[in-house]
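Here's final_3.cif, which has mmCIF, C-alpha atoms and all ligand atoms:
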```cif
data_my_file
#
loop_
_atom_site.label_atom_id
_atom_site.label_comp_id
_atom_site.auth_asym_id
_atom_site.auth_seq_id
_atom_site.Cartn_x
_atom_site.Cartn_y
_atom_site.Cartn_z
CA MET A 1 -16.98 -18.09 45.20
CA THR A 2 -19.95 -15.82 45.98
CA ALA A 3 -23.49 -17.10 46.62
CA ALA A 4 -24.63 -15.44 43.38
CA THR A 5 -22.51 -17.72 41.21
CA SER A 6 -22.21 -20.89 43.27
CA ALA A 7 -25.49 -22.41 42.06
CA SER A 8 -24.46 -22.61 38.40
CA SER A 9 -20.86 -22.95 38.85
CA ALA A 10 -18.82 -25.38 36.97
CA THR A 11 -15.66 -23.59 35.83
CA VAL A 12 -16.06 -21.91 32.45
CA HIS A 13 -12.91 -22.55 30.42
CA PHE A 14 -11.87 -19.58 28.32
CA SER A 15 -8.35 -20.87 28.31
CA ARG A 16 -7.50 -23.06 25.30
CA GLY A 17 -7.88 -22.76 21.56
CA ILE A 18 -8.07 -26.45 20.73
CA PRO A 19 -10.70 -28.06 18.48
CA PRO A 20 -13.68 -29.61 20.27
CA LEU A 21 -13.69 -33.40 19.84
CA GLU A 22 -16.83 -33.21 17.71
CA ALA A 23 -14.87 -31.15 15.13
CA ILE A 24 -12.41 -34.00 14.50
CA PRO A 25 -13.71 -36.76 12.18
CA SER A 26 -11.84 -39.47 14.08
CA ALA A 27 -13.82 -42.46 12.78
CA ALA A 28 -13.37 -41.41 9.15
CA ILE A 29 -9.65 -40.76 9.69
CA ALA A 30 -9.27 -44.18 11.35
CA GLU A 31 -10.92 -45.82 8.35
CA LEU A 32 -8.57 -44.06 5.91
CA THR A 33 -5.61 -45.06 8.06
CA GLY A 34 -6.74 -48.69 8.00
CA SER A 35 -6.94 -48.70 4.22
CA ILE A 36 -3.43 -47.18 3.92
CA LEU A 37 -2.01 -49.75 6.33
CA ALA A 38 -3.61 -52.49 4.26
CA SER A 39 -2.53 -51.17 0.87
CA GLU A 40 0.94 -49.68 1.31
CA PRO A 41 2.50 -50.67 4.66
CA ASP A 42 5.98 -51.00 3.14
CA ARG A 43 6.06 -47.40 2.03
CA VAL A 44 4.68 -45.80 5.18
CA PHE A 45 6.87 -47.84 7.54
CA GLN A 46 10.07 -47.03 5.63
CA TYR A 47 12.06 -43.75 5.82
CA ALA A 48 10.83 -41.08 3.43
CA PRO A 49 13.21 -40.49 0.48
CA ILE A 50 16.27 -38.50 1.41
CA GLY A 51 17.86 -35.53 -0.41
CA HIS A 52 15.85 -32.32 -0.81
CA HIS A 53 12.74 -34.09 0.45
CA THR A 54 9.94 -31.56 0.90
CA GLY A 55 7.13 -33.91 1.95
CA ASP A 56 4.90 -36.73 0.74
CA ARG A 57 4.39 -36.31 -3.03
CA GLU A 58 0.64 -36.99 -2.95
CA LEU A 59 0.10 -34.65 0.00
CA ARG A 60 1.97 -31.83 -1.71
CA ASP A 61 -0.11 -32.43 -4.85
CA GLN A 62 -3.29 -32.23 -2.79
CA LEU A 63 -2.14 -29.06 -0.99
CA GLY A 64 -1.24 -27.59 -4.37
CA LEU A 65 -4.78 -28.28 -5.60
CA PHE A 66 -6.34 -26.95 -2.39
CA HIS A 67 -4.47 -23.66 -2.61
CA THR A 68 -4.14 -23.50 -6.42
CA VAL A 69 -0.34 -23.37 -6.29
CA ASP A 70 2.46 -25.41 -7.83
CA PRO A 71 3.18 -28.36 -5.46
CA ASP A 72 6.90 -27.56 -5.81
CA ARG A 73 6.21 -24.49 -3.69
CA VAL A 74 4.90 -26.62 -0.78
CA PHE A 75 6.98 -27.90 2.15
CA VAL A 76 5.33 -30.20 4.72
CA THR A 77 6.07 -29.88 8.45
CA ASN A 78 5.05 -31.46 11.75
CA GLY A 79 2.31 -28.94 12.44
CA SER A 80 2.59 -25.26 11.64
CA LEU A 81 4.56 -24.69 14.85
CA GLN A 82 7.45 -26.51 13.24
CA ALA A 83 7.00 -24.37 10.13
CA LEU A 84 7.40 -21.29 12.35
CA ASP A 85 10.48 -22.80 13.97
CA LEU A 86 12.21 -23.73 10.69
CA LEU A 87 11.35 -20.41 9.09
CA ALA A 88 12.67 -18.50 12.09
CA ALA A 89 15.92 -20.50 11.88
CA HIS A 90 16.12 -19.84 8.14
CA LEU A 91 15.20 -16.15 8.12
CA LEU A 92 17.03 -15.04 11.26
CA LYS A 93 20.30 -16.89 10.68
CA ASP A 94 22.06 -14.08 8.85
CA ALA A 95 19.66 -11.23 9.54
CA PRO A 96 21.40 -8.13 10.88
CA GLY A 97 19.56 -6.73 13.91
CA LYS A 98 17.28 -9.79 14.07
CA LYS A 99 14.23 -7.53 14.25
CA VAL A 100 10.83 -9.19 13.90
CA LEU A 101 7.58 -7.23 13.77
CA ALA A 102 4.33 -8.81 14.88
CA GLU A 103 0.77 -7.82 15.62
CA ALA A 104 0.13 -6.74 19.20
CA PRO A 105 -1.53 -8.88 20.47
CA THR A 106 -0.29 -12.00 18.65
CA TYR A 107 0.08 -15.77 19.05
CA ASP A 108 2.31 -16.16 22.10
CA ARG A 109 4.00 -19.40 21.03
CA ALA A 110 5.15 -17.77 17.81
CA VAL A 111 6.86 -14.99 19.78
CA GLN A 112 8.60 -17.57 21.98
CA ILE A 113 9.84 -19.43 18.89
CA PHE A 114 11.15 -16.28 17.21
CA GLU A 115 12.93 -15.24 20.41
CA ARG A 116 14.51 -18.67 20.78
CA HIS A 117 16.14 -18.07 17.41
CA GLY A 118 17.47 -14.70 18.54
CA GLY A 119 14.60 -12.62 17.13
CA GLN A 120 13.84 -9.28 18.77
CA VAL A 121 10.10 -9.20 18.54
CA SER A 122 8.41 -5.82 18.51
CA GLY A 123 4.64 -5.24 18.52
CA ILE A 124 2.64 -3.12 16.06
CA PRO A 125 -0.86 -2.29 17.33
CA LEU A 126 -3.60 -4.46 15.88
CA ARG A 127 -6.79 -2.57 14.96
CA HIS A 128 -10.24 -4.02 14.15
CA ASP A 129 -9.15 -4.48 10.49
CA GLY A 130 -5.49 -5.46 10.82
CA LEU A 131 -2.16 -3.85 11.67
CA ASP A 132 -1.93 -0.10 12.25
CA LEU A 133 -0.14 0.66 9.00
CA ASP A 134 0.89 4.19 10.01
CA VAL A 135 2.86 2.77 12.93
CA LEU A 136 4.23 0.00 10.70
CA ARG A 137 5.46 2.51 8.10
CA GLU A 138 7.23 4.56 10.78
CA ARG A 139 8.95 1.45 12.12
CA LEU A 140 10.01 0.34 8.65
CA GLN A 141 11.59 3.71 8.01
CA ALA A 142 13.65 3.29 11.19
CA GLU A 143 14.71 -0.35 10.58
CA VAL A 144 13.81 -3.04 8.04
CA PRO A 145 12.94 -6.25 9.94
CA ALA A 146 13.96 -9.80 9.06
CA PHE A 147 10.24 -10.48 8.71
CA VAL A 148 6.77 -9.36 9.69
CA TYR A 149 4.54 -12.05 11.22
CA VAL A 150 0.78 -11.76 10.72
CA ILE A 151 -2.27 -13.98 11.27
CA PRO A 152 -4.60 -12.28 8.78
CA ASP A 153 -7.71 -14.47 9.17
CA PHE A 154 -9.64 -14.66 12.47
CA GLN A 155 -6.48 -13.89 14.33
CA ASN A 156 -5.35 -15.78 17.40
CA PRO A 157 -5.92 -14.23 19.92
CA ALA A 158 -7.98 -11.23 18.76
CA GLY A 159 -10.37 -12.69 16.14
CA VAL A 160 -9.44 -9.85 13.75
CA THR A 161 -9.35 -10.31 9.95
CA THR A 162 -7.03 -8.05 7.97
CA SER A 163 -9.01 -6.06 5.39
CA GLU A 164 -8.38 -6.42 1.65
CA GLU A 165 -7.10 -2.86 1.51
CA LYS A 166 -4.56 -3.42 4.29
CA ARG A 167 -3.45 -6.69 2.71
CA ARG A 168 -2.66 -4.92 -0.53
CA GLU A 169 -0.75 -2.21 1.27
CA LEU A 170 1.21 -4.73 3.38
CA VAL A 171 2.31 -6.58 0.25
CA ARG A 172 3.26 -3.31 -1.40
CA LEU A 173 5.33 -2.35 1.67
CA SER A 174 7.09 -5.74 1.54
CA ALA A 175 8.25 -4.89 -1.99
CA GLU A 176 9.11 -1.27 -1.18
CA PHE A 177 11.19 -2.01 1.94
CA GLY A 178 12.37 -5.53 1.06
CA PHE A 179 11.15 -7.64 3.97
CA THR A 180 9.42 -11.03 4.09
CA ILE A 181 5.87 -11.43 5.39
CA LEU A 182 4.97 -14.65 7.22
CA GLU A 183 1.22 -15.15 7.01
CA ASP A 184 -0.10 -17.84 9.35
CA ILE A 185 -3.57 -19.05 8.30
CA PRO A 186 -4.77 -21.98 10.48
CA TYR A 187 -8.30 -20.56 10.87
CA ARG A 188 -8.84 -19.20 7.35
CA GLU A 189 -11.28 -21.88 6.20
CA LEU A 190 -13.51 -21.46 9.25
CA ARG A 191 -15.52 -18.52 7.94
CA PHE A 192 -19.14 -18.30 9.14
CA ALA A 193 -20.20 -15.12 7.30
CA GLY A 194 -19.00 -12.68 4.62
CA THR A 195 -16.42 -13.35 1.92
CA ALA A 196 -12.72 -14.09 2.36
CA PRO A 197 -10.20 -11.39 1.46
CA THR A 198 -7.33 -12.47 -0.81
CA LEU A 199 -4.41 -14.40 0.65
CA LEU A 200 -1.31 -12.24 1.05
CA GLY A 201 0.65 -14.95 -0.75
CA GLU A 202 -1.67 -14.67 -3.72
CA LEU A 203 -1.44 -10.87 -3.80
CA ALA A 204 2.35 -11.10 -3.72
CA ASP A 205 2.36 -13.10 -6.96
CA SER A 206 1.46 -9.94 -8.87
CA VAL A 207 3.66 -7.43 -6.99
CA ASP A 208 7.25 -7.33 -8.15
CA GLY A 209 9.68 -7.81 -5.27
CA ALA A 210 7.05 -8.71 -2.63
CA ARG A 211 7.95 -11.73 -0.50
CA VAL A 212 5.27 -13.69 1.35
CA LEU A 213 5.52 -17.13 2.93
CA THR A 214 2.17 -18.72 3.76
CA ILE A 215 1.95 -21.14 6.68
CA GLY A 216 -0.98 -23.56 6.79
CA SER A 217 -2.16 -26.30 9.11
CA LEU A 218 -4.60 -29.20 9.16
CA SER A 219 -5.08 -28.84 12.92
CA LYS A 220 -8.30 -26.85 12.75
CA VAL A 221 -9.78 -28.38 9.59
CA LEU A 222 -9.04 -32.09 10.10
CA SER A 223 -7.01 -33.15 13.15
CA PRO A 224 -4.29 -31.58 15.31
CA GLY A 225 -3.01 -35.03 16.27
CA LEU A 226 -1.80 -35.72 12.73
CA ARG A 227 0.61 -32.80 13.19
CA VAL A 228 0.47 -31.76 9.57
CA GLY A 229 1.41 -28.20 8.71
CA TYR A 230 3.04 -26.68 5.63
CA VAL A 231 4.74 -23.70 4.09
CA ILE A 232 3.99 -22.25 0.66
CA GLY A 233 6.80 -20.15 -0.78
CA ALA A 234 8.99 -19.62 -3.81
CA PRO A 235 10.71 -22.98 -4.64
CA GLY A 236 13.98 -21.88 -3.01
CA THR A 237 12.32 -21.82 0.42
CA PRO A 238 11.16 -25.47 0.43
CA ARG A 239 14.73 -26.46 -0.60
CA ALA A 240 16.30 -24.46 2.23
CA LEU A 241 13.81 -25.87 4.76
CA ALA A 242 14.47 -29.41 3.49
CA ALA A 243 18.15 -28.98 4.31
CA LEU A 244 17.27 -27.88 7.86
CA ALA A 245 14.85 -30.79 8.26
CA GLU A 246 17.37 -33.35 7.02
CA SER A 247 19.91 -32.25 9.55
CA THR A 248 17.48 -32.78 12.44
CA TYR A 249 14.42 -35.06 12.04
CA LEU A 250 14.61 -36.09 8.32
CA SER A 251 10.88 -35.84 7.53
CA PRO A 252 7.42 -35.81 9.10
CA ALA A 253 6.02 -39.33 9.66
CA PRO A 254 5.17 -40.89 6.27
CA LEU A 255 2.04 -42.58 7.66
CA LEU A 256 0.53 -39.33 8.92
CA GLN A 257 1.27 -37.51 5.68
CA ALA A 258 -0.31 -40.35 3.70
CA VAL A 259 -3.42 -40.13 5.89
CA ALA A 260 -3.62 -36.38 5.29
CA ALA A 261 -3.21 -36.87 1.53
CA ARG A 262 -6.00 -39.46 1.49
CA ALA A 263 -8.23 -37.15 3.56
CA PHE A 264 -7.91 -34.47 0.87
CA ALA A 265 -8.26 -36.89 -2.05
CA SER A 266 -11.40 -38.53 -0.62
CA GLY A 267 -13.12 -35.19 0.00
CA LEU A 268 -13.02 -35.62 3.79
CA VAL A 269 -11.20 -32.33 4.39
CA ARG A 270 -13.76 -30.30 2.40
CA ARG A 271 -16.68 -32.11 4.07
CA ASN A 272 -15.22 -31.59 7.50
CA ILE A 273 -14.66 -27.87 6.88
CA ASP A 274 -18.37 -27.53 6.04
CA GLU A 275 -19.33 -29.51 9.14
CA VAL A 276 -17.05 -27.52 11.44
CA ARG A 277 -18.47 -24.26 10.07
CA ASP A 278 -22.01 -25.49 10.80
CA LEU A 279 -20.96 -26.65 14.26
CA LEU A 280 -19.23 -23.42 15.27
CA ARG A 281 -21.48 -20.81 13.62
CA PRO A 282 -24.15 -20.90 16.38
CA ARG A 283 -21.45 -20.88 19.08
CA HIS A 284 -19.91 -17.83 17.42
CA ASP A 285 -23.26 -16.03 17.14
CA ALA A 286 -24.09 -16.75 20.80
CA ALA A 287 -20.65 -15.54 21.91
CA VAL A 288 -20.89 -12.27 19.97
CA GLU A 289 -24.32 -11.61 21.46
CA ALA A 290 -23.26 -12.52 25.02
CA VAL A 291 -20.21 -10.24 24.92
CA ARG A 292 -22.32 -7.33 23.67
CA LYS A 293 -25.01 -7.94 26.30
CA SER A 294 -22.81 -8.48 29.36
CA LEU A 295 -19.69 -6.44 28.60
CA GLY A 296 -20.89 -3.70 26.20
CA ASP A 297 -18.87 -2.38 23.29
CA VAL A 298 -15.46 -3.74 24.29
CA ALA A 299 -14.74 -6.38 21.63
CA LEU A 300 -11.73 -5.69 19.38
CA CYS A 301 -13.92 -6.72 16.44
CA VAL A 302 -16.88 -8.90 15.54
CA PRO A 303 -15.09 -11.93 14.11
CA GLU A 304 -16.69 -13.59 11.11
CA GLY A 305 -15.10 -16.95 11.80
CA GLY A 306 -12.41 -18.82 13.69
CA TYR A 307 -12.33 -19.61 17.40
CA TYR A 308 -11.94 -16.29 19.22
CA ILE A 309 -13.65 -13.12 20.26
CA SER A 310 -11.55 -10.84 22.43
CA VAL A 311 -12.01 -7.73 24.54
CA HIS A 312 -10.15 -4.88 26.12
CA LEU A 313 -12.08 -4.90 29.38
CA PRO A 314 -11.89 -1.82 31.61
CA VAL A 315 -10.92 -3.02 35.11
CA ARG A 316 -10.07 -1.40 38.43
CA SER A 317 -7.33 -3.80 39.50
CA PRO A 318 -4.03 -5.02 38.03
CA GLU A 319 -4.17 -8.04 35.72
CA GLU A 320 -2.87 -10.60 38.25
CA LYS A 321 -5.48 -9.56 40.80
CA PHE A 322 -8.23 -9.54 38.19
CA LEU A 323 -7.32 -13.04 37.00
CA ALA A 324 -7.21 -14.34 40.59
CA ALA A 325 -10.66 -12.84 41.27
CA ALA A 326 -11.97 -14.37 38.02
CA ALA A 327 -10.54 -17.77 38.98
CA ASP A 328 -12.35 -17.51 42.34
CA GLU A 329 -15.57 -17.07 40.37
CA GLY A 330 -14.91 -20.16 38.29
CA ILE A 331 -13.55 -18.54 35.13
CA ALA A 332 -10.36 -20.00 33.66
CA LEU A 333 -8.56 -17.41 31.51
CA THR A 334 -5.23 -17.12 29.75
CA ARG A 335 -3.16 -14.14 30.91
CA GLY A 336 -3.93 -11.59 28.19
CA SER A 337 -0.67 -9.64 28.51
CA ALA A 338 1.17 -12.82 27.45
CA PHE A 339 -0.17 -12.24 23.93
CA TYR A 340 1.69 -8.93 23.67
CA PRO A 341 5.32 -8.75 22.54
CA ALA A 342 7.51 -7.41 25.37
CA ASP A 343 7.48 -3.79 24.13
CA SER A 344 3.70 -3.51 23.90
CA ALA A 345 0.66 -3.79 26.15
CA PRO A 346 -3.13 -3.45 26.17
CA PRO A 347 -4.53 0.11 26.61
CA SER A 348 -4.02 1.30 30.17
CA GLY A 349 -6.91 0.68 32.56
CA THR A 350 -7.91 -2.46 30.61
CA VAL A 351 -7.06 -6.12 30.53
CA PHE A 352 -6.94 -8.02 27.25
CA LEU A 353 -9.04 -11.18 27.35
CA ARG A 354 -9.16 -13.86 24.66
CA LEU A 355 -12.50 -15.65 24.83
CA PRO A 356 -12.43 -18.86 22.75
CA PHE A 357 -16.00 -19.89 21.85
CA GLN A 358 -15.32 -22.98 19.73
CA ALA A 359 -15.77 -25.48 22.55
CA LEU A 360 -18.53 -23.75 24.54
CA GLY A 361 -22.31 -23.95 24.21
CA GLY A 362 -24.09 -20.58 24.08
CA GLU A 363 -25.38 -20.77 27.66
CA GLU A 364 -22.03 -21.69 29.11
CA PHE A 365 -20.29 -18.87 27.24
CA ALA A 366 -22.95 -16.39 28.38
CA GLU A 367 -22.58 -17.55 31.99
CA GLY A 368 -18.81 -17.03 31.73
CA VAL A 369 -19.02 -13.47 30.42
CA ALA A 370 -21.74 -12.57 32.94
CA ARG A 371 -19.34 -13.66 35.69
CA LEU A 372 -16.56 -11.63 34.06
CA ALA A 373 -18.76 -8.54 34.02
CA ALA A 374 -19.47 -8.95 37.73
CA VAL A 375 -15.75 -9.30 38.55
CA ALA A 376 -14.86 -6.24 36.44
CA GLN A 377 -17.41 -4.08 38.22
CA ARG A 378 -16.14 -4.82 41.69
CA PRO A 379 -14.32 -2.00 43.48
CA GLU A 380 -10.59 -2.69 43.81
C1 LIG A 401 -1.93 -18.71 14.83
C2 LIG A 401 -1.52 -20.12 15.09
N1 LIG A 401 -0.44 -20.61 14.47
C3 LIG A 401 -0.02 -21.86 14.67
C4 LIG A 401 -0.71 -22.71 15.53
C5 LIG A 401 -0.18 -24.10 15.74
O1 LIG A 401 -0.84 -25.02 14.98
P1 LIG A 401 -0.30 -26.48 14.64
O2 LIG A 401 -1.18 -27.42 15.39
O3 LIG A 401 -0.46 -26.61 13.16
O4 LIG A 401 1.14 -26.59 15.06
C6 LIG A 401 -1.84 -22.26 16.20
C7 LIG A 401 -2.55 -23.14 17.13
O5 LIG A 401 -3.42 -22.79 17.85
C8 LIG A 401 -2.26 -20.92 15.97
O6 LIG A 401 -3.33 -20.41 16.58
#
```
Go ahead and render the structure in this file as structure tokens.
Ligand SMILES: Cc1ncc(COP(=O)(O)O)c(C=O)c1O
Amino acid sequence: MTAATSASSATVHFSRGIPPLEAIPSAAIAELTGSILASEPDRVFQYAPIGHHTGDRELRDQLGLFHTVDPDRVFVTNGSLQALDLLAAHLLKDAPGKKVLAEAPTYDRAVQIFERHGGQVSGIPLRHDGLDLDVLRERLQAEVPAFVYVIPDFQNPAGVTTSEEKRRELVRLSAEFGFTILEDIPYRELRFAGTAPTLLGELADSVDGARVLTIGSLSKVLSPGLRVGYVIGAPGTPRALAALAESTYLSPAPLLQAVAARAFASGLVRRNIDEVRDLLRPRHDAAVEAVRKSLGDVALCVPEGGYYISVHLPVRSPEEKFLAAAADEGIALTRGSAFYPADSAPPSGTVFLRLPFQALGGEEFAEGVARLAAVAQRPE
């Protein structure tokens, strides 16, 4: 570490997108859990019902209310990662070619899951307002994929939100070419400014032949430890997923689903969303300002919510060397190229960096990006 940075130099962690502890209402969740244990221990310590079981009845009712959909369209999973896993198993089983299209960059764990199920994941460039639809159209003409995976709100890792116009076109393309869209929305509620574009799933309801499956999660709005995620689809999808679930783990834990249901019914989820927005908004604003000041005009977009701002940073050295130099300066980063499907990459001469701001105070974030700027400017 150089003398310039050693004075202020605890490591700045730009490495993980997990909620800060102060965003999880642990005491309130513990209280709800206590009341469930007191009132219905027999139910939550027994197996869930078997045979086409799609999740705790009350939780599905609450999710139906939250999203204004019929609860029969909801299937509950152990976190949205399991939703991705079951959907990949379901959609890739008989798919010829096993092609999957995803944003480049995208959520790396999703790519790993799709590949584990035999998916051949190909990247479509992500612009400041969503997928590059010209490239997507060309690819669709060459081969119709099993599905297209998108994270349309405050994307992980890029922070990008897909515009209303692109959403409408994506849904239209789904109907025209006959492919399914998976929209993954864990950050959607964490909007700090502006108004939310329409859910793809909602748009699909009025486009004949369009197929969208929406994947939600309580990890960023209540607690990741509850491991509650869900899928919203046409009723046939919950039934197919229930069959997959029953042949492996039966159901998510009844206790945790009951806690989640109570958290919705008592208003805790809504309250916590408001509190998390208030907590993260100043961190977001400080991060946007710090990136502009220290790194210039390199952000992929100015996010209006979520956890991430990201950059294509011009550098003089290869990624591995850059990351090693950054680590020497006390900056912990995730390897940006890992967010790109194997056939895609950041623009040449740049590294892609995801900079999560949700757990960092403004000063700490600014210190981190100032260090990054210094590393980037060094001769090779
Ligand atoms: C886009 C995206 N999908 C899914 C997940 C996994 O969430 P869960 O905790 O619900 O499994 C994450 C977690 O960071 C994510 O960013």
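If only C-alpha atoms are the atoms counted, then among A:His284, A:Ile185, A:Glu176, A:Ala240 the closest residue to Gln141 of chain A is A:Glu176.
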Give me, as a VMD selection string, the set of residues whose atoms come within 10 Å of any atom of ligand LIG 401 (chain A), counting only C-alpha atoms and all ligand atoms. chain A and resid 16 to 19 77 to 84 106 to 110 149 to 157 183 to 187 215 to 220 223 to 230 306 to 308
Take the residues that were just selected and, keeping C-alpha atoms, output them as a PDB file, in the coordinates of the input.
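selection-v2.pdb written:
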```
ATOM      1  CA  ARG A  16      -7.500 -23.060  25.300  1.00  0.00           C
ATOM      2  CA  GLY A  17      -7.880 -22.760  21.560  1.00  0.00           C
ATOM      3  CA  ILE A  18      -8.070 -26.450  20.730  1.00  0.00           C
ATOM      4  CA  PRO A  19     -10.700 -28.060  18.480  1.00  0.00           C
ATOM      5  CA  THR A  77       6.070 -29.880   8.450  1.00  0.00           C
ATOM      6  CA  ASN A  78       5.050 -31.460  11.750  1.00  0.00           C
ATOM      7  CA  GLY A  79       2.310 -28.940  12.440  1.00  0.00           C
ATOM      8  CA  SER A  80       2.590 -25.260  11.640  1.00  0.00           C
ATOM      9  CA  LEU A  81       4.560 -24.690  14.850  1.00  0.00           C
ATOM     10  CA  GLN A  82       7.450 -26.510  13.240  1.00  0.00           C
ATOM     11  CA  ALA A  83       7.000 -24.370  10.130  1.00  0.00           C
ATOM     12  CA  LEU A  84       7.400 -21.290  12.350  1.00  0.00           C
ATOM     13  CA  THR A 106      -0.290 -12.000  18.650  1.00  0.00           C
ATOM     14  CA  TYR A 107       0.080 -15.770  19.050  1.00  0.00           C
ATOM     15  CA  ASP A 108       2.310 -16.160  22.100  1.00  0.00           C
ATOM     16  CA  ARG A 109       4.000 -19.400  21.030  1.00  0.00           C
ATOM     17  CA  ALA A 110       5.150 -17.770  17.810  1.00  0.00           C
ATOM     18  CA  TYR A 149       4.540 -12.050  11.220  1.00  0.00           C
ATOM     19  CA  VAL A 150       0.780 -11.760  10.720  1.00  0.00           C
ATOM     20  CA  ILE A 151      -2.270 -13.980  11.270  1.00  0.00           C
ATOM     21  CA  PRO A 152      -4.600 -12.280   8.780  1.00  0.00           C
ATOM     22  CA  ASP A 153      -7.710 -14.470   9.170  1.00  0.00           C
ATOM     23  CA  PHE A 154      -9.640 -14.660  12.470  1.00  0.00           C
ATOM     24  CA  GLN A 155      -6.480 -13.890  14.330  1.00  0.00           C
ATOM     25  CA  ASN A 156      -5.350 -15.780  17.400  1.00  0.00           C
ATOM     26  CA  PRO A 157      -5.920 -14.230  19.920  1.00  0.00           C
ATOM     27  CA  GLU A 183       1.220 -15.150   7.010  1.00  0.00           C
ATOM     28  CA  ASP A 184      -0.100 -17.840   9.350  1.00  0.00           C
ATOM     29  CA  ILE A 185      -3.570 -19.050   8.300  1.00  0.00           C
ATOM     30  CA  PRO A 186      -4.770 -21.980  10.480  1.00  0.00           C
ATOM     31  CA  TYR A 187      -8.300 -20.560  10.870  1.00  0.00           C
ATOM     32  CA  ILE A 215       1.950 -21.140   6.680  1.00  0.00           C
ATOM     33  CA  GLY A 216      -0.980 -23.560   6.790  1.00  0.00           C
ATOM     34  CA  SER A 217      -2.160 -26.300   9.110  1.00  0.00           C
ATOM     35  CA  LEU A 218      -4.600 -29.200   9.160  1.00  0.00           C
ATOM     36  CA  SER A 219      -5.080 -28.840  12.920  1.00  0.00           C
ATOM     37  CA  LYS A 220      -8.300 -26.850  12.750  1.00  0.00           C
ATOM     38  CA  SER A 223      -7.010 -33.150  13.150  1.00  0.00           C
ATOM     39  CA  PRO A 224      -4.290 -31.580  15.310  1.00  0.00           C
ATOM     40  CA  GLY A 225      -3.010 -35.030  16.270  1.00  0.00           C
ATOM     41  CA  LEU A 226      -1.800 -35.720  12.730  1.00  0.00           C
ATOM     42  CA  ARG A 227       0.610 -32.800  13.190  1.00  0.00           C
ATOM     43  CA  VAL A 228       0.470 -31.760   9.570  1.00  0.00           C
ATOM     44  CA  GLY A 229       1.410 -28.200   8.710  1.00  0.00           C
ATOM     45  CA  TYR A 230       3.040 -26.680   5.630  1.00  0.00           C
ATOM     46  CA  GLY A 306     -12.410 -18.820  13.690  1.00  0.00           C
ATOM     47  CA  TYR A 307     -12.330 -19.610  17.400  1.00  0.00           C
ATOM     48  CA  TYR A 308     -11.940 -16.290  19.220  1.00  0.00           C
TER      49      TYR A 308
END
```
For Gln62 of chain A, list every protein, DNA or RNA residue within 9 Å, evaluated using all atoms listed in the file, and leave out those in the same chain fewer than 6 positions away; present the list as a PyMOL selection string. chain A and resi 71+261-262+264-265
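Going from atom CA of Ala332 of chain A to atom CA of Ile24 of chain A covers 23.8 Å.
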For Leu91 of chain A: contacts at 7 Å, only C-alpha atoms, fewer than 4 positions along chain excluded, given as a PyMOL selection string: chain A and resi 87+95+146
Find the distance between atom CA of Pro346 of chain A and atom CA of Ala299 of chain A and write it in Å to one decimal.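 Computing it gives 12.8 Å between the two atoms.
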Excluding Leu92 of chain A and residues on its chain fewer than 2 positions from it, collect all residues at most 9 Å away from it, counting all atoms listed in the file, and give them as a PyMOL selection string. chain A and resi 87-90+94-96+98-100+114+117-119+146-147
Two-atom distance - atom CA of Gly123 of chain A, atom CA of Gly349 of chain A (Å):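 Going from atom CA of Gly123 of chain A over to atom CA of Gly349 of chain A, I get 19.1 Å.
Across A:Val269, A:Val207, A:Ala104, A:Val231, the tightest approach to Glu189 of chain A is made by A:Val269 when counting all atoms listed in the file.
Protein, DNA and RNA residues at most 9 Å from (8.7, -6.9, 0.7), with only C-alpha atoms, are these: Phe147, Leu170, Val171, Arg172, Leu173, Ser174, Ala175, Glu176, Phe177, Gly178, Phe179, Thr180, Ile181, Ala204, Asp208, Gly209, Ala210, Arg211 and Val212 of chain A.
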Identify, on the basis of all atoms listed in the file, every residue whose closest approach to Leu255 of chain A does not exceed 8 Å; exclude the query and any residue fewer than 2 positions from it along the same chain; express the result as a PyMOL selection string. chain A and resi 44-45+253+257-259
Among listed residues A:Pro347, A:Gly361, A:Pro238, A:Pro356, nearest Ala286 of chain A (using only C-alpha atoms):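 Ranked by minimum distance to Ala286 of chain A, first place goes to A:Gly361.
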Near Ala376 of chain A, counting all atoms listed in the file, which residues have an atom at most 8 Å away, once you skip same-chain residues fewer than 4 positions from it, shown as a ChimeraX atom specification? /A:313-316,322,372
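Shortest atom-to-atom contact with Asp205 of chain A among A:Arg188, A:Arg168, A:Lys293, A:Lys93: A:Arg168, counting only C-alpha atoms.
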Between A:Ser163, A:Leu222, A:Val351, A:Ser344, single out the one closest to Glu320 of chain A, counting only C-alpha atoms.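 With only C-alpha atoms as the atom set, the closest residue is A:Val351.
Using all atoms listed in the file for every distance, the candidate list A:Glu364, A:Glu289, A:Asp85, A:Glu380 yields A:Glu380 as the residue closest to Pro318 of chain A.
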If we draw a sphere of 10 Å around (12.7, -23.4, 1.5), which residues have at least one atom in it when counting all atoms listed in the file? Please report them as a list in words.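 Collected hits near the coordinates: His52, Thr54, Arg73, Val74, Phe75, Leu86, Leu87, His90, Leu213, Val231, Ile232, Gly233, Ala234, Pro235, Gly236, Thr237, Pro238, Arg239, Ala240, Leu241, Ala242, Ala243 and Leu244 of chain A.
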